[in-house]
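**Student:** Sharing query00.cif below, mmCIF, C-alpha atoms:
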```
data_model
loop_
_atom_site.label_atom_id
_atom_site.label_comp_id
_atom_site.auth_asym_id
_atom_site.auth_seq_id
_atom_site.Cartn_x
_atom_site.Cartn_y
_atom_site.Cartn_z
CA MET A 1 0.00 0.00 0.00
CA SER A 2 2.80 2.35 0.91
CA LEU A 3 4.48 1.58 -2.42
CA ILE A 4 1.34 2.59 -4.31
CA MET A 5 1.03 5.75 -2.24
CA ASN A 6 4.63 6.66 -2.91
CA ARG A 7 4.12 6.17 -6.64
CA LEU A 8 0.95 8.26 -6.58
CA LEU A 9 2.75 10.95 -4.63
CA SER A 10 5.59 10.92 -7.11
CA VAL A 11 3.11 11.24 -9.99
CA VAL A 12 1.33 14.15 -8.27
CA VAL A 13 4.60 15.90 -7.55
CA GLY A 14 5.75 15.33 -11.09
CA LEU A 15 2.49 16.68 -12.47
CA GLY A 16 2.78 19.66 -10.14
CA ILE A 17 6.25 20.40 -11.41
CA VAL A 18 5.03 20.13 -14.99
CA VAL A 19 2.09 22.45 -14.25
CA VAL A 20 4.37 24.98 -12.53
CA PHE A 21 6.81 24.78 -15.42
CA ILE A 22 4.03 25.33 -17.95
CA LEU A 23 2.64 28.24 -15.90
CA ALA A 24 6.10 29.75 -15.64
CA LEU A 25 6.57 29.47 -19.39
CA SER A 26 3.13 30.99 -19.94
CA VAL A 27 3.86 33.91 -17.61
CA ARG A 28 7.27 34.45 -19.17
CA SER A 29 5.76 34.40 -22.65
CA TYR A 30 3.10 36.90 -21.54
CA LEU A 31 5.61 39.26 -19.95
CA ILE A 32 7.96 39.43 -22.94
CA SER A 33 5.41 39.37 -25.77
CA PRO A 34 4.45 42.72 -27.38
CA VAL A 35 0.97 43.82 -26.34
CA ALA A 36 -1.42 43.83 -29.26
CA GLY A 37 -3.26 46.89 -27.96
CA VAL A 38 -0.40 49.28 -28.74
CA THR A 39 -0.19 49.68 -32.50
CA GLU A 40 0.82 53.34 -32.31
CA PRO A 41 2.22 55.54 -29.52
CA VAL A 42 -0.25 55.71 -26.63
CA LEU A 43 -0.21 58.29 -23.85
CA TYR A 44 -1.19 57.09 -20.40
CA LYS A 45 -1.03 59.02 -17.13
CA VAL A 46 -0.28 57.32 -13.82
CA GLU A 47 -1.96 59.47 -11.21
CA VAL A 48 -0.33 60.31 -7.89
CA GLY A 49 -1.08 57.51 -5.41
CA ALA A 50 -2.37 55.12 -8.09
CA SER A 51 -2.19 51.40 -7.26
CA LEU A 52 -0.79 48.80 -9.62
CA SER A 53 -4.12 46.97 -9.75
CA GLY A 54 -5.96 50.19 -10.57
CA VAL A 55 -3.50 51.00 -13.34
CA ALA A 56 -3.58 47.45 -14.71
CA TYR A 57 -7.36 47.21 -14.90
CA GLU A 58 -7.65 50.68 -16.45
CA LEU A 59 -5.13 49.71 -19.12
CA HIS A 60 -7.11 46.50 -19.65
CA GLU A 61 -10.36 48.44 -20.08
CA LEU A 62 -8.63 50.70 -22.60
CA GLY A 63 -7.76 47.61 -24.64
CA ILE A 64 -4.05 48.06 -24.06
CA LEU A 65 -3.11 45.39 -21.51
CA PRO A 66 -4.29 41.74 -21.60
CA ARG A 67 -4.41 39.48 -18.52
CA ALA A 68 -4.36 42.26 -15.96
CA ARG A 69 -4.33 39.80 -13.04
CA VAL A 70 -1.07 38.25 -14.25
CA PHE A 71 0.41 41.74 -14.63
CA VAL A 72 -0.56 42.63 -11.06
CA ALA A 73 0.65 39.30 -9.67
CA TRP A 74 4.04 39.77 -11.33
CA GLY A 75 4.33 43.29 -9.93
CA ARG A 76 3.61 42.07 -6.42
CA PHE A 77 5.96 39.11 -6.77
CA THR A 78 8.85 41.33 -7.84
CA GLY A 79 8.08 44.08 -5.33
CA GLN A 80 7.51 46.62 -8.11
CA ALA A 81 3.83 47.13 -7.25
CA ALA A 82 4.71 49.76 -4.64
CA GLN A 83 7.29 51.56 -6.83
CA LEU A 84 5.10 53.22 -9.48
CA LYS A 85 6.08 56.79 -10.38
CA ALA A 86 3.33 59.26 -11.21
CA GLY A 87 3.45 61.00 -14.57
CA GLU A 88 2.51 60.84 -18.23
CA TYR A 89 4.00 57.94 -20.15
CA GLU A 90 4.23 57.20 -23.85
CA LEU A 91 3.84 53.51 -24.64
CA GLN A 92 5.48 52.65 -27.93
CA PRO A 93 4.47 49.88 -30.37
CA GLY A 94 6.27 46.65 -29.51
CA ILE A 95 6.26 47.30 -25.77
CA THR A 96 5.69 44.25 -23.55
CA PRO A 97 3.81 43.97 -20.24
CA LYS A 98 7.17 43.74 -18.48
CA GLY A 99 8.33 46.81 -20.39
CA ILE A 100 5.24 48.75 -19.30
CA LEU A 101 5.83 47.93 -15.65
CA ASP A 102 9.55 48.67 -15.89
CA GLN A 103 8.77 52.04 -17.51
CA PHE A 104 6.31 52.97 -14.75
CA VAL A 105 8.77 51.96 -12.04
CA ALA A 106 11.73 53.78 -13.64
CA GLY A 107 9.67 56.95 -14.06
CA GLN A 108 10.50 57.20 -17.76
CA ILE A 109 7.82 59.80 -18.34
CA LYS A 110 7.21 61.57 -21.63
CA LEU A 111 9.21 64.77 -21.97
CA TYR A 112 8.16 67.67 -24.17
CA PRO A 113 10.73 69.94 -25.85
CA PHE A 114 10.55 73.69 -25.34
CA THR A 115 13.04 75.79 -27.28
CA ILE A 116 14.11 79.32 -26.39
CA LEU A 117 15.52 80.85 -29.57
CA GLU A 118 18.54 83.15 -29.71
CA GLY A 119 17.43 86.75 -29.85
CA TRP A 120 13.93 86.18 -28.50
CA THR A 121 12.56 89.01 -26.40
CA LEU A 122 10.78 88.38 -23.13
CA THR A 123 7.47 89.10 -24.90
CA GLU A 124 8.18 86.40 -27.47
CA LEU A 125 9.23 83.97 -24.76
CA ARG A 126 6.07 84.54 -22.75
CA ALA A 127 3.90 84.07 -25.83
CA ALA A 128 5.62 80.76 -26.61
CA LEU A 129 5.14 79.57 -23.02
CA LEU A 130 1.43 80.40 -23.10
CA ALA A 131 1.03 78.62 -26.45
CA ASN A 132 2.63 75.40 -25.21
CA PRO A 133 -0.06 73.01 -23.86
CA ALA A 134 2.47 71.04 -21.80
CA ILE A 135 3.41 74.08 -19.69
CA THR A 136 1.25 75.52 -16.90
CA PRO A 137 1.36 79.34 -16.66
CA THR A 138 1.96 80.69 -13.16
CA LEU A 139 4.59 83.42 -13.39
CA GLN A 140 2.38 86.24 -14.64
CA ALA A 141 0.36 86.06 -11.44
CA LEU A 142 3.44 87.36 -9.59
CA ALA A 143 4.54 90.98 -9.40
CA PRO A 144 7.74 91.83 -11.37
CA GLU A 145 9.83 91.99 -8.19
CA ALA A 146 8.44 88.65 -7.03
CA GLN A 147 9.26 87.13 -10.41
CA LEU A 148 12.90 88.17 -10.09
CA GLY A 149 13.02 86.74 -6.58
CA ALA A 150 11.38 83.47 -7.58
CA LEU A 151 13.98 83.04 -10.31
CA ASN A 152 16.94 84.14 -8.15
CA LEU A 153 17.74 86.93 -10.57
CA SER A 154 19.05 90.46 -10.24
CA GLY A 155 18.79 93.35 -12.66
CA GLN A 156 15.94 95.60 -13.62
CA ASN A 157 13.75 92.97 -15.24
CA LEU A 158 13.69 89.49 -16.75
CA GLU A 159 14.65 90.55 -20.25
CA GLY A 160 17.59 88.63 -21.68
CA GLN A 161 18.09 86.47 -18.59
CA PHE A 162 17.14 83.05 -19.99
CA PHE A 163 19.61 80.96 -21.96
CA PRO A 164 18.53 79.93 -25.48
CA GLU A 165 18.37 76.15 -25.46
CA THR A 166 15.94 73.25 -25.92
CA TYR A 167 14.60 72.13 -22.56
CA LEU A 168 12.82 68.80 -22.00
CA VAL A 169 10.02 68.96 -19.46
CA PRO A 170 7.14 66.71 -18.41
CA ARG A 171 3.54 67.75 -19.01
CA ASP A 172 2.13 70.19 -16.44
CA THR A 173 5.56 71.68 -15.72
CA THR A 174 5.05 75.28 -14.62
CA ASP A 175 6.63 78.12 -16.53
CA LEU A 176 8.42 79.02 -13.30
CA VAL A 177 10.17 75.65 -13.09
CA LEU A 178 11.24 75.79 -16.75
CA LEU A 179 12.46 79.38 -16.48
CA GLN A 180 14.39 78.53 -13.32
CA GLN A 181 16.38 76.05 -15.41
CA ALA A 182 16.88 78.56 -18.22
CA ALA A 183 17.86 81.34 -15.82
CA ALA A 184 20.33 79.14 -13.95
CA LEU A 185 21.95 78.11 -17.23
CA MET A 186 22.21 81.73 -18.38
CA GLN A 187 23.81 82.73 -15.07
CA LYS A 188 26.32 79.90 -15.45
CA GLN A 189 27.17 80.86 -19.04
CA LEU A 190 27.35 84.56 -18.16
CA ALA A 191 29.60 83.94 -15.15
CA GLN A 192 32.00 81.95 -17.31
CA ALA A 193 32.06 84.63 -20.01
CA TRP A 194 32.65 87.36 -17.41
CA GLU A 195 35.40 85.46 -15.61
CA ASN A 196 37.27 84.79 -18.87
CA ARG A 197 36.62 88.19 -20.49
CA ALA A 198 39.32 90.16 -22.25
CA VAL A 199 41.24 92.73 -20.24
CA GLY A 200 40.20 96.38 -20.38
CA LEU A 201 36.59 96.10 -21.51
CA PRO A 202 34.50 99.21 -20.67
CA LEU A 203 31.92 97.03 -18.91
CA ALA A 204 31.25 97.38 -15.19
CA SER A 205 29.42 94.12 -14.48
CA PRO A 206 28.25 90.80 -15.89
CA TYR A 207 24.86 92.44 -16.43
CA GLU A 208 26.43 95.00 -18.77
CA LEU A 209 28.12 92.14 -20.62
CA LEU A 210 24.69 90.54 -20.98
CA ILE A 211 23.28 93.79 -22.39
CA LEU A 212 26.07 94.06 -24.96
CA ALA A 213 25.71 90.39 -25.92
CA SER A 214 21.99 90.88 -26.51
CA ILE A 215 22.74 93.72 -28.94
CA VAL A 216 25.30 91.59 -30.77
CA GLU A 217 22.71 88.81 -30.98
CA ARG A 218 20.15 91.10 -32.62
CA GLU A 219 22.65 92.75 -34.97
CA THR A 220 23.93 89.63 -36.76
CA ALA A 221 23.06 86.00 -37.25
CA LEU A 222 26.52 85.14 -38.57
CA ASP A 223 28.91 83.64 -36.05
CA SER A 224 31.80 84.86 -38.17
CA GLU A 225 30.74 88.48 -37.59
CA ARG A 226 29.82 88.47 -33.91
CA SER A 227 33.23 89.37 -32.49
CA GLU A 228 33.71 92.19 -35.02
CA VAL A 229 30.25 93.59 -34.25
CA ALA A 230 31.12 93.45 -30.55
CA GLY A 231 34.45 95.11 -31.31
CA VAL A 232 32.72 98.03 -33.01
CA PHE A 233 30.51 98.64 -29.99
CA ILE A 234 33.36 98.26 -27.49
CA ARG A 235 35.48 100.80 -29.37
CA ARG A 236 32.51 103.19 -29.55
CA LEU A 237 32.03 102.91 -25.79
CA GLN A 238 35.73 103.51 -25.21
CA LYS A 239 35.69 106.61 -27.43
CA GLY A 240 32.48 107.99 -25.91
CA MET A 241 30.62 107.55 -29.20
CA ARG A 242 26.95 106.60 -29.22
CA LEU A 243 26.27 103.01 -30.21
CA GLN A 244 23.66 104.01 -32.83
CA THR A 245 22.28 100.50 -33.20
CA ASP A 246 18.83 100.01 -34.76
CA PRO A 247 17.77 96.94 -32.73
CA THR A 248 17.82 98.96 -29.48
CA VAL A 249 15.61 101.61 -31.06
CA ILE A 250 13.20 98.97 -32.31
CA TYR A 251 13.08 97.38 -28.86
CA GLY A 252 12.28 100.74 -27.30
CA LEU A 253 9.41 101.30 -29.73
CA GLY A 254 7.76 98.08 -28.58
CA ALA A 255 4.35 97.47 -30.15
CA ALA A 256 4.59 100.80 -31.99
CA TYR A 257 7.17 99.31 -34.37
CA ASP A 258 5.42 98.11 -37.55
CA GLY A 259 8.45 96.68 -39.33
CA ASN A 260 9.52 99.97 -40.92
CA LEU A 261 12.18 101.91 -39.03
CA THR A 262 12.05 105.59 -40.01
CA ARG A 263 14.22 108.64 -39.40
CA LYS A 264 11.52 109.89 -37.04
CA HIS A 265 11.98 106.76 -34.94
CA LEU A 266 15.74 107.34 -34.77
CA LEU A 267 15.15 110.87 -33.48
CA THR A 268 12.48 109.92 -30.95
CA ASP A 269 14.12 109.64 -27.55
CA THR A 270 13.51 106.54 -25.40
CA PRO A 271 15.77 104.88 -22.81
CA TYR A 272 16.70 102.40 -25.56
CA ASN A 273 17.43 104.90 -28.33
CA THR A 274 21.21 104.63 -28.74
CA TYR A 275 21.10 107.40 -31.34
CA THR A 276 19.88 109.95 -28.78
CA ARG A 277 21.56 108.52 -25.67
CA GLY A 278 25.10 107.46 -24.88
CA GLY A 279 26.26 104.20 -23.37
CA LEU A 280 24.43 100.91 -23.15
CA PRO A 281 20.63 100.70 -22.93
CA PRO A 282 19.28 100.01 -19.42
CA THR A 283 18.52 96.31 -19.98
CA PRO A 284 19.19 93.57 -22.51
CA ILE A 285 17.01 93.64 -25.62
CA GLY A 286 16.75 89.88 -26.10
CA MET A 287 18.20 86.52 -25.15
CA PRO A 288 21.82 86.15 -26.32
CA GLY A 289 23.21 82.73 -27.13
CA ALA A 290 26.62 81.33 -26.23
CA ALA A 291 28.28 82.74 -29.38
CA SER A 292 27.15 86.29 -28.62
CA LEU A 293 28.22 86.04 -24.97
CA LEU A 294 31.64 84.87 -26.11
CA ALA A 295 31.88 87.68 -28.67
CA ALA A 296 30.94 90.33 -26.10
CA ALA A 297 33.57 88.97 -23.71
CA HIS A 298 36.21 88.66 -26.44
CA PRO A 299 35.53 91.37 -29.05
CA ASP A 300 37.63 91.75 -32.16
CA GLU A 301 40.69 93.97 -31.58
CA GLY A 302 40.50 95.74 -34.93
CA ASP A 303 39.85 99.41 -35.62
CA THR A 304 36.44 99.43 -37.31
CA LEU A 305 33.80 101.79 -35.93
CA TYR A 306 30.91 101.33 -38.35
CA PHE A 307 29.03 98.59 -40.17
CA VAL A 308 26.08 98.29 -42.51
CA ALA A 309 24.32 95.40 -44.21
CA THR A 310 25.68 94.37 -47.59
CA GLY A 311 22.22 93.76 -49.05
CA GLU A 312 23.34 90.36 -50.31
CA ASN A 313 20.51 88.50 -48.51
CA ASP A 314 23.01 86.45 -46.51
CA GLY A 315 22.91 88.59 -43.37
CA SER A 316 26.46 89.86 -43.89
CA HIS A 317 27.78 93.35 -43.19
CA VAL A 318 30.47 95.71 -44.44
CA PHE A 319 32.71 97.06 -41.66
CA SER A 320 34.42 100.44 -41.98
CA ARG A 321 37.09 102.35 -40.10
CA THR A 322 36.04 105.86 -41.08
CA LEU A 323 32.77 107.68 -41.61
CA GLU A 324 33.69 108.26 -45.24
CA GLU A 325 34.13 104.52 -45.84
CA HIS A 326 30.89 103.85 -44.01
CA ASN A 327 28.92 106.39 -46.05
CA ALA A 328 30.22 104.80 -49.24
CA ALA A 329 29.13 101.35 -47.99
CA VAL A 330 25.71 102.76 -47.09
CA ALA A 331 25.36 104.18 -50.59
CA VAL A 332 26.13 100.76 -52.09
CA TYR A 333 23.59 99.16 -49.77
CA ILE A 334 20.87 101.65 -50.71
CA ALA A 335 21.63 101.18 -54.41
CA ARG A 336 21.25 97.42 -54.06
CA LEU A 337 17.96 97.83 -52.23
CA ARG A 338 16.62 100.10 -54.97
CA LYS A 339 17.76 97.71 -57.67
CA ALA A 340 16.14 94.77 -55.92
CA ARG A 341 12.91 96.78 -55.51
CA ARG A 342 12.86 97.72 -59.23
CA GLU A 343 13.45 94.10 -60.24
CA ALA A 344 10.69 92.95 -57.91
CA GLU A 345 8.28 95.54 -59.33
CA LYS A 346 9.24 94.61 -62.88
CA SER A 347 8.76 90.91 -62.15
CA GLY A 348 5.36 91.68 -60.64
CA ALA A 349 4.34 93.70 -63.66
CA VAL A 350 5.34 90.89 -66.01
CA LYS A 351 3.34 88.38 -63.98
CA ASN A 352 0.32 90.67 -63.96
CA GLU A 353 0.41 90.87 -67.75
#
```
Mind turning the file's structure into structure tokens?

**Tutor:**
Amino acid sequence: MSLIMNRLLSVVVGLGIVVVFILALSVRSYLISPVAGVTEPVLYKVEVGASLSGVAYELHELGILPRARVFVAWGRFTGQAAQLKAGEYELQPGITPKGILDQFVAGQIKLYPFTILEGWTLTELRAALLANPAITPTLQALAPEAQLGALNLSGQNLEGQFFPETYLVPRDTTDLVLLQQAAALMQKQLAQAWENRAVGLPLASPYELLILASIVERETALDSERSEVAGVFIRRLQKGMRLQTDPTVIYGLGAAYDGNLTRKHLLTDTPYNTYTRGGLPPTPIGMPGAASLLAAAHPDEGDTLYFVATGENDGSHVFSRTLEEHNAAVAVYIARLRKARREAEKSGAVKNE
């Protein structure tokens, strides 16, 4: 009798081992097989305090995750059930149940790019922030002084104090959090430029370097010209000459500028009119990039005092040492503009015929 019982016990144990082995294979196959419910990128948000079972059954109801009970059981077995990170996730085609759980545990949330462009003004930056659905606006509710304090910034205002870069942020990031990153990076870049600046610059502080760099940024888009543009302005400051730079005038006009800068504008005094006032304007006029900061800190050591656009549609300028040379370059520029205008009018007339 005992022999029969031993054989039966052996059979039961053997069958149990087979069943466990089959279940293990089934679970393994489930965990590493791509889920059929994700045929294109799917966004899913794990709420703060969400449980693994709640997440699993919601994904199941959405048609994303099969066999939710197995998913939950695996999470509890591995100890991952209590390690979910809240946030918005993007599930990619080919992802497996194990991959989903691993992604939730690692906190690999979806990040959205936000780019601050070189030369942007604060107005343009604010408009871009408000237009981005991933960013929550909060900063405008604060008074200007409180904004500076919240961002750990000094100076008269926020203009120019955010480094142009692409920042990756999760959905619902506040504008304050993003701008704290951008401001900290600008302060780091500015401190490095100031510490390594050329000797003898007529600049009293890093903030003045930031102002000059913002003017360089708005004057040229060519990296090859930035140091020479900066050199012109540095020499003008050293000689007590007015900077006479159009971008500062345009900035001072604000919304009144319609795209056409006139002689009347150049003669209308504002704190930013460098034709009517000496020295630097009171604040930056945009966000300078790394190249403009470097140029302002290390201007060209030449002897040019003037520059004007070439009119070649490549953003280049002609630099001159004397007013006579400059006036000649201006005459060439005006002639090219008039020629281009006549050709455009002629082309339009031909098309109209």

**Student:** Kindly give the distance, in Å, that separates CA of Ala295 in chain A and CA of Gly149 in chain A, rounded to a single decimal.

**Tutor:**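 Straight-line distance from CA of Ala295 in chain A to CA of Gly149 in chain A works out to 29.1 Å.
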
**Student:** Expanded to explicit residues, what is the PyMOL selection byres ((chain A and resi 234) around 10) for this file, as a list in words?

**Tutor:**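 Selection result, ordered by chain and number: Leu201, Pro202, Leu203, Leu212, Glu228, Val229, Ala230, Gly231, Val232, Phe233, Arg235, Arg236, Leu237, Gln238, Lys239, Gly240, Met241, Leu243, Ala296, Pro299, Asp300, Glu301 and Leu305 of chain A.
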
**Student:** Quick one: distance from CA of Glu118 in chain A to CA of Ser292 in chain A in Å, one decimal?

**Tutor:**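 Separation between CA of Glu118 in chain A and CA of Ser292 in chain A: 9.2 Å.
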
**Student:** Specify as an mmCIF file with C-alpha atoms, keeping the file's coordinate frame each residue included when the PyMOL selection byres ((chain A and resi 80) around 12) is applied to this file.

**Tutor:**
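Now in selection10.cif:
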```cif
data_model
loop_
_atom_site.group_PDB
_atom_site.id
_atom_site.type_symbol
_atom_site.label_atom_id
_atom_site.label_comp_id
_atom_site.auth_asym_id
_atom_site.auth_seq_id
_atom_site.Cartn_x
_atom_site.Cartn_y
_atom_site.Cartn_z
ATOM 1 C CA SER A 51 -2.190 51.400 -7.260
ATOM 2 C CA LEU A 52 -0.790 48.800 -9.620
ATOM 3 C CA SER A 53 -4.120 46.970 -9.750
ATOM 4 C CA PHE A 71 0.410 41.740 -14.630
ATOM 5 C CA VAL A 72 -0.560 42.630 -11.060
ATOM 6 C CA ALA A 73 0.650 39.300 -9.670
ATOM 7 C CA TRP A 74 4.040 39.770 -11.330
ATOM 8 C CA GLY A 75 4.330 43.290 -9.930
ATOM 9 C CA ARG A 76 3.610 42.070 -6.420
ATOM 10 C CA PHE A 77 5.960 39.110 -6.770
ATOM 11 C CA THR A 78 8.850 41.330 -7.840
ATOM 12 C CA GLY A 79 8.080 44.080 -5.330
ATOM 13 C CA ALA A 81 3.830 47.130 -7.250
ATOM 14 C CA ALA A 82 4.710 49.760 -4.640
ATOM 15 C CA GLN A 83 7.290 51.560 -6.830
ATOM 16 C CA LEU A 84 5.100 53.220 -9.480
ATOM 17 C CA LYS A 85 6.080 56.790 -10.380
ATOM 18 C CA LYS A 98 7.170 43.740 -18.480
ATOM 19 C CA ILE A 100 5.240 48.750 -19.300
ATOM 20 C CA LEU A 101 5.830 47.930 -15.650
ATOM 21 C CA ASP A 102 9.550 48.670 -15.890
ATOM 22 C CA GLN A 103 8.770 52.040 -17.510
ATOM 23 C CA PHE A 104 6.310 52.970 -14.750
ATOM 24 C CA VAL A 105 8.770 51.960 -12.040
ATOM 25 C CA ALA A 106 11.730 53.780 -13.640
#
```

**Student:** Find the spatial neighbours of Thr248 in chain A, counting only C-alpha atoms, within a cut-off of 9 Å - ignore same-chain residues fewer than 6 positions away - and output them as a ChimeraX atom specification.

**Tutor:** /A:215,218,272-274,281,284-285

**Student:** List as a list in words the residues having at least one atom at most 8 Å from position (6.2, 37.0, -15.6) as given in the file, counting all atoms listed in the file.

**Tutor:**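 The residues near that point, listed by chain and number, are Ala24, Val27, Arg28, Ser29, Tyr30, Leu31, Ile32, Val70, Phe71, Trp74 and Lys98 of chain A.
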
**Student:** Could you name the residues that touch Leu178 in chain A at 12 Å or less, counting all atoms listed in the file, but leaving out those on the same chain fewer than 5 positions away, as a PyMOL selection string?

**Tutor:** chain A and resi 112-116+125-126+129+134-139+150-151+162-163+165-173+183-185

**Student:** Quick check, in Å to one decimal: how far apart do CA of Leu280 in chain A and CA of Ala146 in chain A lie?

**Tutor:**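 Between these atoms lies a distance of 25.8 Å.
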
**Student:** So, counting only C-alpha atoms, which residue among A:Leu111, A:Val308, A:Ser154, A:Gly289 is closest to Ala193 in chain A?

**Tutor:**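 Closest to Ala193 in chain A, using only C-alpha atoms: A:Gly289.
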
**Student:** Extract, using only C-alpha atoms, all DNA, RNA and protein residues at most 12 Å from range 38-42 of chain A, discarding same-chain residues fewer than 5 positions from it, and format them as JSON, numbers by chain.

**Tutor:** {"A": [33, 59, 60, 62, 63, 64, 65, 66, 88, 89, 90, 91, 92, 93, 94, 95, 96, 97, 100, 110]}

**Student:** Which residue gives the smallest distance to Ala128 in chain A among A:Lys264, A:Asp175, A:Leu158, A:Asn152, with all atoms listed in the file counted?

**Tutor:** A:Asp175

**Student:** Emit as lines of an AutoDock Vina configuration file the padded axis-aligned box for all listed atoms of range 111-123 of chain A, 4 Å per side, with centre and edge lengths in Å to one decimal.

**Tutor:**
```
center_x = 13.0
center_y = 76.9
center_z = -25.9
size_x = 19.1
size_y = 32.3
size_z = 15.9
```

**Student:** At a cut-off of 10 Å, using only C-alpha atoms, what residues contact Leu293 in chain A? Leave out same-chain residues fewer than 3 positions from it and give the result as JSON, numbers by chain.

**Tutor:** {"A": [186, 189, 190, 192, 193, 194, 197, 209, 210, 211, 212, 213, 214, 216, 217, 226, 227, 230, 288, 289, 290, 296, 297, 298, 299]}

**Student:** Go through A:Gly315, A:Pro34, A:Gly254, A:Gly279 one by one, measure the shortest atom-to-atom distance of each to Arg242 in chain A using all atoms listed in the file, and give the residue with the smallest value.

**Tutor:**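 That would be A:Gly279, the residue with the smallest distance to Arg242 in chain A.
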
**Student:** Spell out the residues picked by the PyMOL selection byres ((chain A and resi 307) around 12) here, as number ranges by chain.

**Tutor:** A: 219-220, 225-226, 228-233, 243-246, 303-306, 308-310, 316-330, 333
